[in-house]
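Visitor: Just one file: data.txt, with compact mmCIF, C-alpha atoms.
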```txt
# COMPACT_ATOMS: atom_id res chain seq x y z
CA MET A 426 28.29 -32.04 -7.59
CA GLU A 427 30.54 -32.79 -4.62
CA ILE A 428 30.29 -31.34 -1.11
CA ARG A 429 33.99 -30.45 -1.34
CA VAL A 430 33.36 -28.34 -4.44
CA LEU A 431 30.47 -26.57 -2.74
CA HIS A 432 32.86 -25.67 0.10
CA TYR A 433 35.23 -24.25 -2.52
CA PHE A 434 32.41 -22.26 -4.12
CA LEU A 435 31.27 -20.77 -0.80
CA THR A 436 34.85 -19.81 0.10
CA ILE A 437 35.21 -17.89 -3.18
CA ALA A 438 31.85 -16.19 -2.56
CA ARG A 439 33.03 -15.14 0.88
CA GLU A 440 36.57 -14.05 -0.11
CA GLU A 441 35.42 -12.49 -3.43
CA SER A 442 38.71 -13.67 -4.94
CA ILE A 443 40.06 -16.89 -6.46
CA SER A 444 43.54 -16.18 -5.12
CA GLY A 445 42.26 -15.31 -1.64
CA ALA A 446 40.08 -18.43 -1.52
CA ALA A 447 42.98 -20.60 -2.72
CA LYS A 448 45.09 -19.40 0.21
CA VAL A 449 42.31 -20.13 2.70
CA LEU A 450 41.73 -23.59 1.21
CA HIS A 451 45.48 -24.36 0.84
CA ILE A 452 45.17 -25.36 -2.79
CA THR A 453 46.64 -23.82 -5.93
CA GLN A 454 44.84 -21.08 -7.79
CA PRO A 455 44.77 -22.98 -11.14
CA THR A 456 43.24 -26.02 -9.39
CA LEU A 457 40.52 -23.90 -7.81
CA SER A 458 39.80 -22.09 -11.09
CA ARG A 459 39.46 -25.42 -12.88
CA GLN A 460 37.06 -26.75 -10.25
CA MET A 461 34.83 -23.69 -10.62
CA GLN A 462 34.88 -23.92 -14.39
CA GLU A 463 33.81 -27.56 -14.14
CA LEU A 464 31.02 -26.55 -11.73
CA GLU A 465 29.75 -23.93 -14.19
CA ASP A 466 29.97 -26.49 -17.02
CA GLU A 467 28.04 -29.03 -14.93
CA PHE A 468 25.13 -26.63 -14.42
CA GLY A 469 25.44 -24.94 -17.78
CA LYS A 470 25.23 -21.58 -16.03
CA LYS A 471 27.61 -18.73 -15.30
CA LEU A 472 28.09 -18.39 -11.55
CA PHE A 473 30.68 -15.62 -11.31
CA VAL A 474 31.34 -12.16 -12.69
CA ARG A 475 35.13 -11.89 -12.75
CA GLY A 476 36.11 -8.23 -12.26
CA ASN A 477 39.54 -6.61 -11.99
CA ARG A 478 39.44 -6.28 -8.21
CA LYS A 479 36.95 -8.88 -7.01
CA ILE A 480 34.63 -11.65 -8.04
CA THR A 481 30.86 -11.26 -7.59
CA LEU A 482 28.05 -13.77 -8.00
CA THR A 483 25.51 -13.81 -10.80
CA ASP A 484 21.84 -14.39 -9.98
CA ASP A 485 22.43 -18.12 -10.53
CA GLY A 486 25.48 -17.89 -8.29
CA LEU A 487 23.45 -16.24 -5.53
CA PHE A 488 20.84 -19.00 -5.80
CA LEU A 489 23.53 -21.68 -5.59
CA ARG A 490 25.13 -20.00 -2.56
CA LYS A 491 21.82 -20.15 -0.67
CA ARG A 492 21.30 -23.80 -1.57
CA ALA A 493 24.94 -24.72 -0.90
CA GLU A 494 24.77 -23.21 2.59
CA GLU A 495 21.63 -25.24 3.32
CA ILE A 496 23.19 -28.45 1.92
CA ILE A 497 26.38 -28.11 3.93
CA GLU A 498 24.46 -27.21 7.08
CA LEU A 499 22.34 -30.35 6.64
CA VAL A 500 25.42 -32.51 5.96
CA ASP A 501 27.13 -31.18 9.11
CA LYS A 502 23.99 -31.83 11.14
CA THR A 503 23.73 -35.40 9.77
CA GLU A 504 27.40 -36.15 10.49
CA SER A 505 26.99 -34.87 14.05
CA GLU A 506 23.99 -37.14 14.60
CA MET A 507 25.68 -40.19 13.06
CA LEU A 508 28.87 -39.74 15.09
CA ALA A 509 27.10 -39.13 18.40
CA ASP A 510 27.68 -41.86 21.00
CA GLN A 511 24.34 -43.62 21.32
CA GLN A 512 25.19 -44.85 24.82
CA ILE A 513 25.74 -41.31 26.08
CA LEU A 514 23.34 -38.44 25.57
CA ASN A 515 25.27 -35.92 23.54
CA GLY A 516 25.04 -34.18 20.20
CA ASP A 517 23.14 -31.22 18.80
CA ILE A 518 19.53 -30.08 18.86
CA TYR A 519 18.32 -27.38 16.47
CA ILE A 520 15.36 -25.18 17.40
CA GLY A 521 13.76 -22.37 15.42
CA ALA A 522 11.55 -19.81 17.11
CA GLY A 523 9.67 -16.63 16.45
CA GLU A 524 9.72 -13.74 18.86
CA THR A 525 7.93 -14.59 22.08
CA GLU A 526 8.47 -13.90 25.77
CA ASN A 527 7.18 -17.41 26.49
CA MET A 528 10.28 -18.93 24.90
CA ARG A 529 11.48 -18.82 28.51
CA LEU A 530 9.43 -21.98 29.15
CA ILE A 531 11.51 -23.90 26.61
CA ILE A 532 14.75 -22.40 27.87
CA GLN A 533 13.96 -23.52 31.42
CA ILE A 534 13.71 -27.12 30.17
CA ILE A 535 16.99 -26.74 28.29
CA GLU A 536 18.72 -25.34 31.35
CA ARG A 537 17.52 -28.32 33.41
CA ILE A 538 18.72 -30.81 30.79
CA GLN A 539 22.15 -29.27 30.43
CA LYS A 540 22.81 -29.58 34.15
CA ASP A 541 22.58 -33.38 33.79
CA TYR A 542 23.77 -33.70 30.19
CA PRO A 543 26.33 -30.97 29.50
CA ASN A 544 27.37 -32.58 26.20
CA ILE A 545 24.01 -31.80 24.60
CA LYS A 546 24.34 -28.59 22.61
CA PHE A 547 21.38 -26.46 21.58
CA HIS A 548 21.40 -24.26 18.48
CA PHE A 549 18.77 -21.55 18.00
CA TYR A 550 17.53 -19.93 14.82
CA SER A 551 15.36 -16.82 15.16
CA GLY A 552 12.90 -15.87 12.46
CA ASN A 553 9.22 -15.52 11.72
CA ALA A 554 6.95 -18.54 11.27
CA ASP A 555 7.51 -18.69 7.50
CA ASP A 556 11.30 -18.73 7.97
CA VAL A 557 11.17 -21.35 10.73
CA THR A 558 8.84 -23.75 8.89
CA ASP A 559 10.92 -23.44 5.71
CA LYS A 560 14.03 -24.63 7.59
CA LEU A 561 11.99 -27.25 9.41
CA ASP A 562 10.73 -28.67 6.10
CA LYS A 563 14.30 -28.83 4.75
CA GLY A 564 15.52 -30.78 7.76
CA LEU A 565 17.73 -27.97 9.04
CA LEU A 566 15.76 -27.69 12.31
CA ASP A 567 14.45 -30.39 14.64
CA PHE A 568 11.74 -28.24 16.25
CA GLY A 569 9.95 -24.98 15.69
CA VAL A 570 8.32 -22.85 18.38
CA LEU A 571 5.39 -21.08 16.72
CA ILE A 572 2.36 -19.03 17.54
CA GLU A 573 -0.95 -20.42 16.33
CA PRO A 574 -2.21 -20.96 13.71
CA VAL A 575 0.04 -23.73 12.31
CA ASN A 576 -0.51 -26.42 9.72
CA LYS A 577 -1.37 -29.36 11.97
CA THR A 578 -1.79 -31.77 9.05
CA LYS A 579 1.91 -31.28 8.27
CA TYR A 580 3.41 -31.20 11.77
CA ASP A 581 3.07 -33.00 15.07
CA PHE A 582 2.91 -30.59 17.96
CA ILE A 583 2.71 -29.99 21.69
CA LYS A 584 0.73 -27.11 23.09
CA ILE A 585 2.72 -24.90 25.43
CA PRO A 586 0.67 -23.60 28.37
CA ALA A 587 0.92 -19.97 27.36
CA THR A 588 -0.99 -17.52 25.21
CA GLU A 589 0.21 -14.54 23.20
CA THR A 590 -1.81 -11.32 23.23
CA TRP A 591 -1.99 -9.18 20.10
CA GLY A 592 -2.18 -5.44 20.34
CA VAL A 593 -0.91 -2.14 18.99
CA LEU A 594 2.52 -0.63 19.63
CA MET A 595 2.35 3.16 19.61
CA LYS A 596 4.05 6.23 21.02
CA LYS A 597 3.06 7.29 24.53
CA ASP A 598 1.96 10.67 23.16
CA SER A 599 -0.24 9.07 20.49
CA PRO A 600 -3.89 10.20 20.34
CA LEU A 601 -4.87 6.58 21.10
CA ALA A 602 -2.52 6.11 24.06
CA HIS A 603 -5.21 7.02 26.62
CA LEU A 604 -7.40 4.06 25.56
CA ASN A 605 -7.44 0.82 27.55
CA HIS A 606 -7.76 -1.25 24.40
CA ILE A 607 -7.91 -0.79 20.63
CA THR A 608 -10.91 -1.64 18.45
CA PRO A 609 -10.99 -1.99 14.66
CA GLU A 610 -12.80 1.35 14.49
CA ASP A 611 -9.96 3.09 16.39
CA ILE A 612 -7.32 2.29 13.77
CA LYS A 613 -9.28 1.51 10.60
CA ASN A 614 -7.74 4.47 8.71
CA LYS A 615 -4.51 4.77 10.65
CA PRO A 616 -1.12 4.01 9.00
CA LEU A 617 -0.40 0.41 9.99
CA ILE A 618 2.80 -1.62 10.21
CA LEU A 619 1.93 -5.32 10.05
CA SER A 620 3.69 -8.66 10.11
CA SER A 621 4.54 -10.08 6.69
CA GLN A 622 3.70 -13.65 7.77
CA SER A 623 1.04 -15.20 5.59
CA MET A 624 -1.08 -16.75 8.38
CA VAL A 625 -0.86 -13.62 10.52
CA LYS A 626 -2.21 -11.55 7.64
CA ASN A 627 -5.35 -13.68 7.61
CA GLU A 628 -5.79 -13.44 11.38
CA ILE A 629 -5.46 -9.64 11.39
CA ALA A 630 -7.80 -9.23 8.42
CA SER A 631 -10.36 -11.43 10.18
CA TRP A 632 -10.12 -9.31 13.34
CA PHE A 633 -10.64 -6.12 11.32
CA GLY A 634 -13.56 -7.66 9.47
CA LYS A 635 -12.22 -6.57 6.10
CA SER A 636 -9.76 -7.87 3.53
CA TYR A 637 -6.04 -7.31 4.08
CA GLU A 638 -5.81 -5.17 0.92
CA ASN A 639 -8.36 -2.67 2.30
CA LEU A 640 -6.22 -1.80 5.32
CA ASN A 641 -3.96 1.25 5.32
CA ILE A 642 -0.70 -0.73 5.44
CA ILE A 643 2.36 1.46 5.02
CA ALA A 644 5.01 -1.16 5.88
CA THR A 645 5.50 -4.80 6.89
CA TYR A 646 8.05 -6.51 9.10
CA ASN A 647 9.26 -10.03 9.85
CA LEU A 648 10.79 -9.23 13.27
CA ILE A 649 9.42 -6.47 15.44
CA TYR A 650 12.52 -4.45 16.43
CA ASN A 651 12.79 -2.44 13.21
CA ALA A 652 9.03 -1.93 13.24
CA SER A 653 9.34 -0.41 16.72
CA LEU A 654 11.83 2.12 15.31
CA MET A 655 9.27 3.05 12.65
CA VAL A 656 6.73 3.67 15.40
CA GLU A 657 9.21 5.84 17.30
CA GLU A 658 9.77 7.90 14.15
CA ASN A 659 6.02 8.56 13.82
CA MET A 660 5.52 6.38 10.74
CA GLY A 661 2.49 4.56 12.11
CA TYR A 662 1.08 1.94 14.47
CA ALA A 663 2.54 -1.57 14.66
CA LEU A 664 0.33 -4.57 15.32
CA THR A 665 2.37 -7.04 17.32
CA ILE A 666 2.48 -9.36 20.31
CA ASP A 667 2.81 -8.08 23.85
CA LYS A 668 6.15 -8.04 25.73
CA LEU A 669 8.41 -8.17 22.67
CA ILE A 670 9.37 -4.51 23.00
CA ASN A 671 10.12 -2.87 26.33
CA THR A 672 7.46 -0.23 27.01
CA THR A 673 8.37 0.46 30.64
CA GLY A 674 10.43 3.21 32.25
CA LYS A 675 11.84 5.75 29.82
CA SER A 676 10.56 3.97 26.73
CA ARG A 677 8.75 6.29 24.32
CA LEU A 678 6.35 3.49 23.40
CA CYS A 679 3.30 1.82 24.91
CA PHE A 680 1.28 -1.30 24.09
CA LYS A 681 -2.52 -1.48 23.98
CA PRO A 682 -4.30 -4.86 23.57
CA LEU A 683 -6.87 -5.43 20.85
CA TYR A 684 -10.58 -5.65 21.55
CA PRO A 685 -12.23 -7.99 20.78
CA LYS A 686 -9.28 -9.90 22.23
CA LEU A 687 -6.93 -11.61 19.79
CA GLU A 688 -5.04 -14.25 21.76
CA LYS A 689 -3.18 -17.22 20.31
CA GLU A 690 -1.66 -20.35 21.81
CA LEU A 691 2.00 -21.27 21.55
CA VAL A 692 3.06 -24.66 20.15
CA ILE A 693 6.28 -26.54 19.53
CA VAL A 694 6.14 -28.47 16.25
CA TRP A 695 8.15 -31.05 14.34
CA LYS A 696 7.68 -32.81 11.01
CA LYS A 697 5.29 -35.74 10.96
CA TYR A 698 6.95 -39.17 10.72
CA GLN A 699 10.28 -37.59 11.65
CA PHE A 700 13.04 -39.97 12.74
CA PHE A 701 15.03 -38.47 15.61
CA SER A 702 18.40 -39.33 17.08
CA LYS A 703 18.42 -40.67 20.65
CA THR A 704 19.35 -37.23 21.99
CA VAL A 705 16.64 -35.34 20.10
CA ASP A 706 14.08 -37.98 21.06
CA PHE A 707 15.09 -37.55 24.72
CA PHE A 708 14.49 -33.80 24.46
CA LEU A 709 11.07 -34.42 22.91
CA GLN A 710 10.17 -36.74 25.81
CA GLU A 711 11.19 -34.01 28.27
CA LEU A 712 8.96 -31.52 26.44
CA GLN A 713 6.05 -33.97 26.55
CA LYS A 714 6.52 -34.69 30.27
CA THR A 715 6.73 -31.01 31.13
CA PHE A 716 3.84 -29.69 29.03
CA HIS A 717 1.47 -32.65 29.28
```
Since I need it in another form, could you write the structure as structure tokens?

Guide:
Amino acid sequence: MEIRVLHYFLTIAREESISGAAKVLHITQPTLSRQMQELEDEFGKKLFVRGNRKITLTDDGLFLRKRAEEIIELVDKTESEMLADQQILNGDIYIGAGETENMRLIIQIIERIQKDYPNIKFHFYSGNADDVTDKLDKGLLDFGVLIEPVNKTKYDFIKIPATETWGVLMKKDSPLAHLNHITPEDIKNKPLILSSQSMVKNEIASWFGKSYENLNIIATYNLIYNASLMVEENMGYALTIDKLINTTGKSRLCFKPLYPKLEKELVIVWKKYQFFSKTVDFFLQELQKTFH
């Protein structure tokens, strides 16, 4: 399996046409068709459904597209690191992060670095903790900014001097909106919208004092914006972190913290025994100097 052929495959998936992909790639249609036939023969699986108007991917084709995108992204990242001038700080740094207002602390460091080293480029990936750690494990990210808890046997980490406060996002005319804080008793039978992250599930269940399955969960989310729309449409109450959704001014929503308090620290993590380029290692040293 060659990287070049994976590029061909992804172009066909994007263009949904052999002829269209051939034009984009500047190769002949018969050559491209032959390459794809050889790719299918190599795996012993059918990757395409060839219709009259367009080509679609089979389930195996969809799986290969996901893996091919990850492979090519990793190859591009490796080439960038290998070609970077080791005498000059330049190149790319890849950071994954969940939703948090305290990401500003990392951005302030980045802004300071780029004033002195404008050839360092930063690339951000936004997702929940499960998404970020998956890409971190595959080598597609250098760092992940996560809310505790994290697997500290798997990652090295620096604690960021900030905490995240969990609470409930609700409408301002909700029957609970007059409360200063929310207890497990207040929402034990209410329709809940919770994060789909595996570690968060355990934290929330522990706070409630009952198993996750015994809660009245009507929906889950991985990023909070769509969950906030559910709250606005009277679907239920979303458990989330403070300051992710604007609840000031004309907003129809308000945020009430949990009681007993559920507060978690923020950490920036990277894979144990990770070898970094000179540029990435410089960024790590700046993080350590700032937060230690």

Visitor: Out of A:Val694, A:Ile642, A:Leu561, A:Leu619, which residue has the shortest atom-to-atom distance to Leu664 in chain A when counting only C-alpha atoms?

Guide: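 The answer is A:Leu619, which sits nearest to Leu664 in chain A.
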
Visitor: From the set A:Asn515, A:Thr590, A:Thr525, A:Asn576, which residue has the shortest atom-to-atom contact distance to Lys703 in chain A, counting only C-alpha atoms?

Guide: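 Among the listed residues, the smallest separation from Lys703 in chain A belongs to A:Asn515.
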
Visitor: For range 474-488 of chain A, list every protein, DNA or RNA residue within 8 Å, evaluated using only C-alpha atoms, and leave out those in the same chain fewer than 2 positions away; present the list as a ChimeraX atom specification.

Guide: /A:437-438,441-443,470-472,490-492

Visitor: Tell me which protein, DNA and RNA residues are within 12 Å of Leu669 in chain A, counting all atoms listed in the file, leaving out same-chain ones fewer than 4 positions away, and put them as a PyMOL selection string.

Guide: chain A and resi 523-528+589-594+648-653+663-665+673+678-680

Visitor: Choose the residue, out of A:Leu457, A:Ser702, A:Arg429, A:Lys668, that has the smallest atom-to-atom separation from Ser505 in chain A; count only C-alpha atoms.

Guide: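 When distances to Ser505 in chain A are compared using only C-alpha atoms, the smallest one comes from A:Ser702.
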
Visitor: For Gln460 in chain A, work out the shell of residues within 9 Å, counting only C-alpha atoms and skipping chain neighbours fewer than 6 positions away, then give it as a ChimeraX atom specification.

Guide: /A:430,433-434

Visitor: Using only C-alpha atoms, which residues sit within 10 Å of Lys697 in chain A once same-chain residues fewer than 2 positions away are excluded, as a list in words?

Guide: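 After dropping sequence-adjacent residues, the list is Lys577, Thr578, Lys579, Tyr580, Asp581, Phe582, Val694, Trp695, Gln699 and Phe700 of chain A.
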
Visitor: Keeping only C-alpha atoms, write those residues as an mmCIF file, in the coordinates of the input.

Guide:
```cif
data_model
loop_
_atom_site.group_PDB
_atom_site.id
_atom_site.type_symbol
_atom_site.label_atom_id
_atom_site.label_comp_id
_atom_site.auth_asym_id
_atom_site.auth_seq_id
_atom_site.Cartn_x
_atom_site.Cartn_y
_atom_site.Cartn_z
ATOM 1 C CA LYS A 577 -1.370 -29.360 11.970
ATOM 2 C CA THR A 578 -1.790 -31.770 9.050
ATOM 3 C CA LYS A 579 1.910 -31.280 8.270
ATOM 4 C CA TYR A 580 3.410 -31.200 11.770
ATOM 5 C CA ASP A 581 3.070 -33.000 15.070
ATOM 6 C CA PHE A 582 2.910 -30.590 17.960
ATOM 7 C CA VAL A 694 6.140 -28.470 16.250
ATOM 8 C CA TRP A 695 8.150 -31.050 14.340
ATOM 9 C CA GLN A 699 10.280 -37.590 11.650
ATOM 10 C CA PHE A 700 13.040 -39.970 12.740
#
```

Visitor: Provide the CA of Asp555 in chain A to CA of Asp501 in chain A distance in Å, to one decimal place.

Guide: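 Taking CA of Asp555 in chain A and CA of Asp501 in chain A, their separation equals 23.3 Å.
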
Visitor: Can you tell me how far CA of Met660 in chain A sits from CA of Pro616 in chain A, in Å to one decimal?

Guide: 7.3 Å

Visitor: Work out how far CA of Val500 in chain A is from CA of Gln454 in chain A, in Å to one decimal.

Guide: 26.4 Å

Visitor: Using all atoms listed in the file, which protein or nucleic acid residues come within 12 Å of range 711-717 of chain A? Drop anything in the same chain fewer than 6 positions from it, and give the result as a PyMOL selection string.

Guide: chain A and resi 530-538+568+570+581-587+691-694+704-705

Visitor: Rank A:Met426, A:Ala522, A:Ala630, A:Ala447 by their smallest atom-to-atom distance to Lys560 in chain A, using only C-alpha atoms, and report the top residue only.

Guide: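 Among A:Met426, A:Ala522, A:Ala630, A:Ala447, it is A:Ala522 that comes nearest to Lys560 in chain A.
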
Visitor: Which residue out of A:Leu617, A:Met624, A:Ile428, A:Leu435 has the minimum interatomic distance to Gly661 in chain A when only C-alpha atoms are used?

Guide: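 For Gly661 in chain A, the nearest of the given residues is A:Leu617.
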
Visitor: Taking all atoms listed in the file into account, name the residue in A:Glu440, A:Asn671, A:Lys597, A:Lys626 that is nearest to Glu638 in chain A.

Guide: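 The answer is A:Lys626, which sits nearest to Glu638 in chain A.
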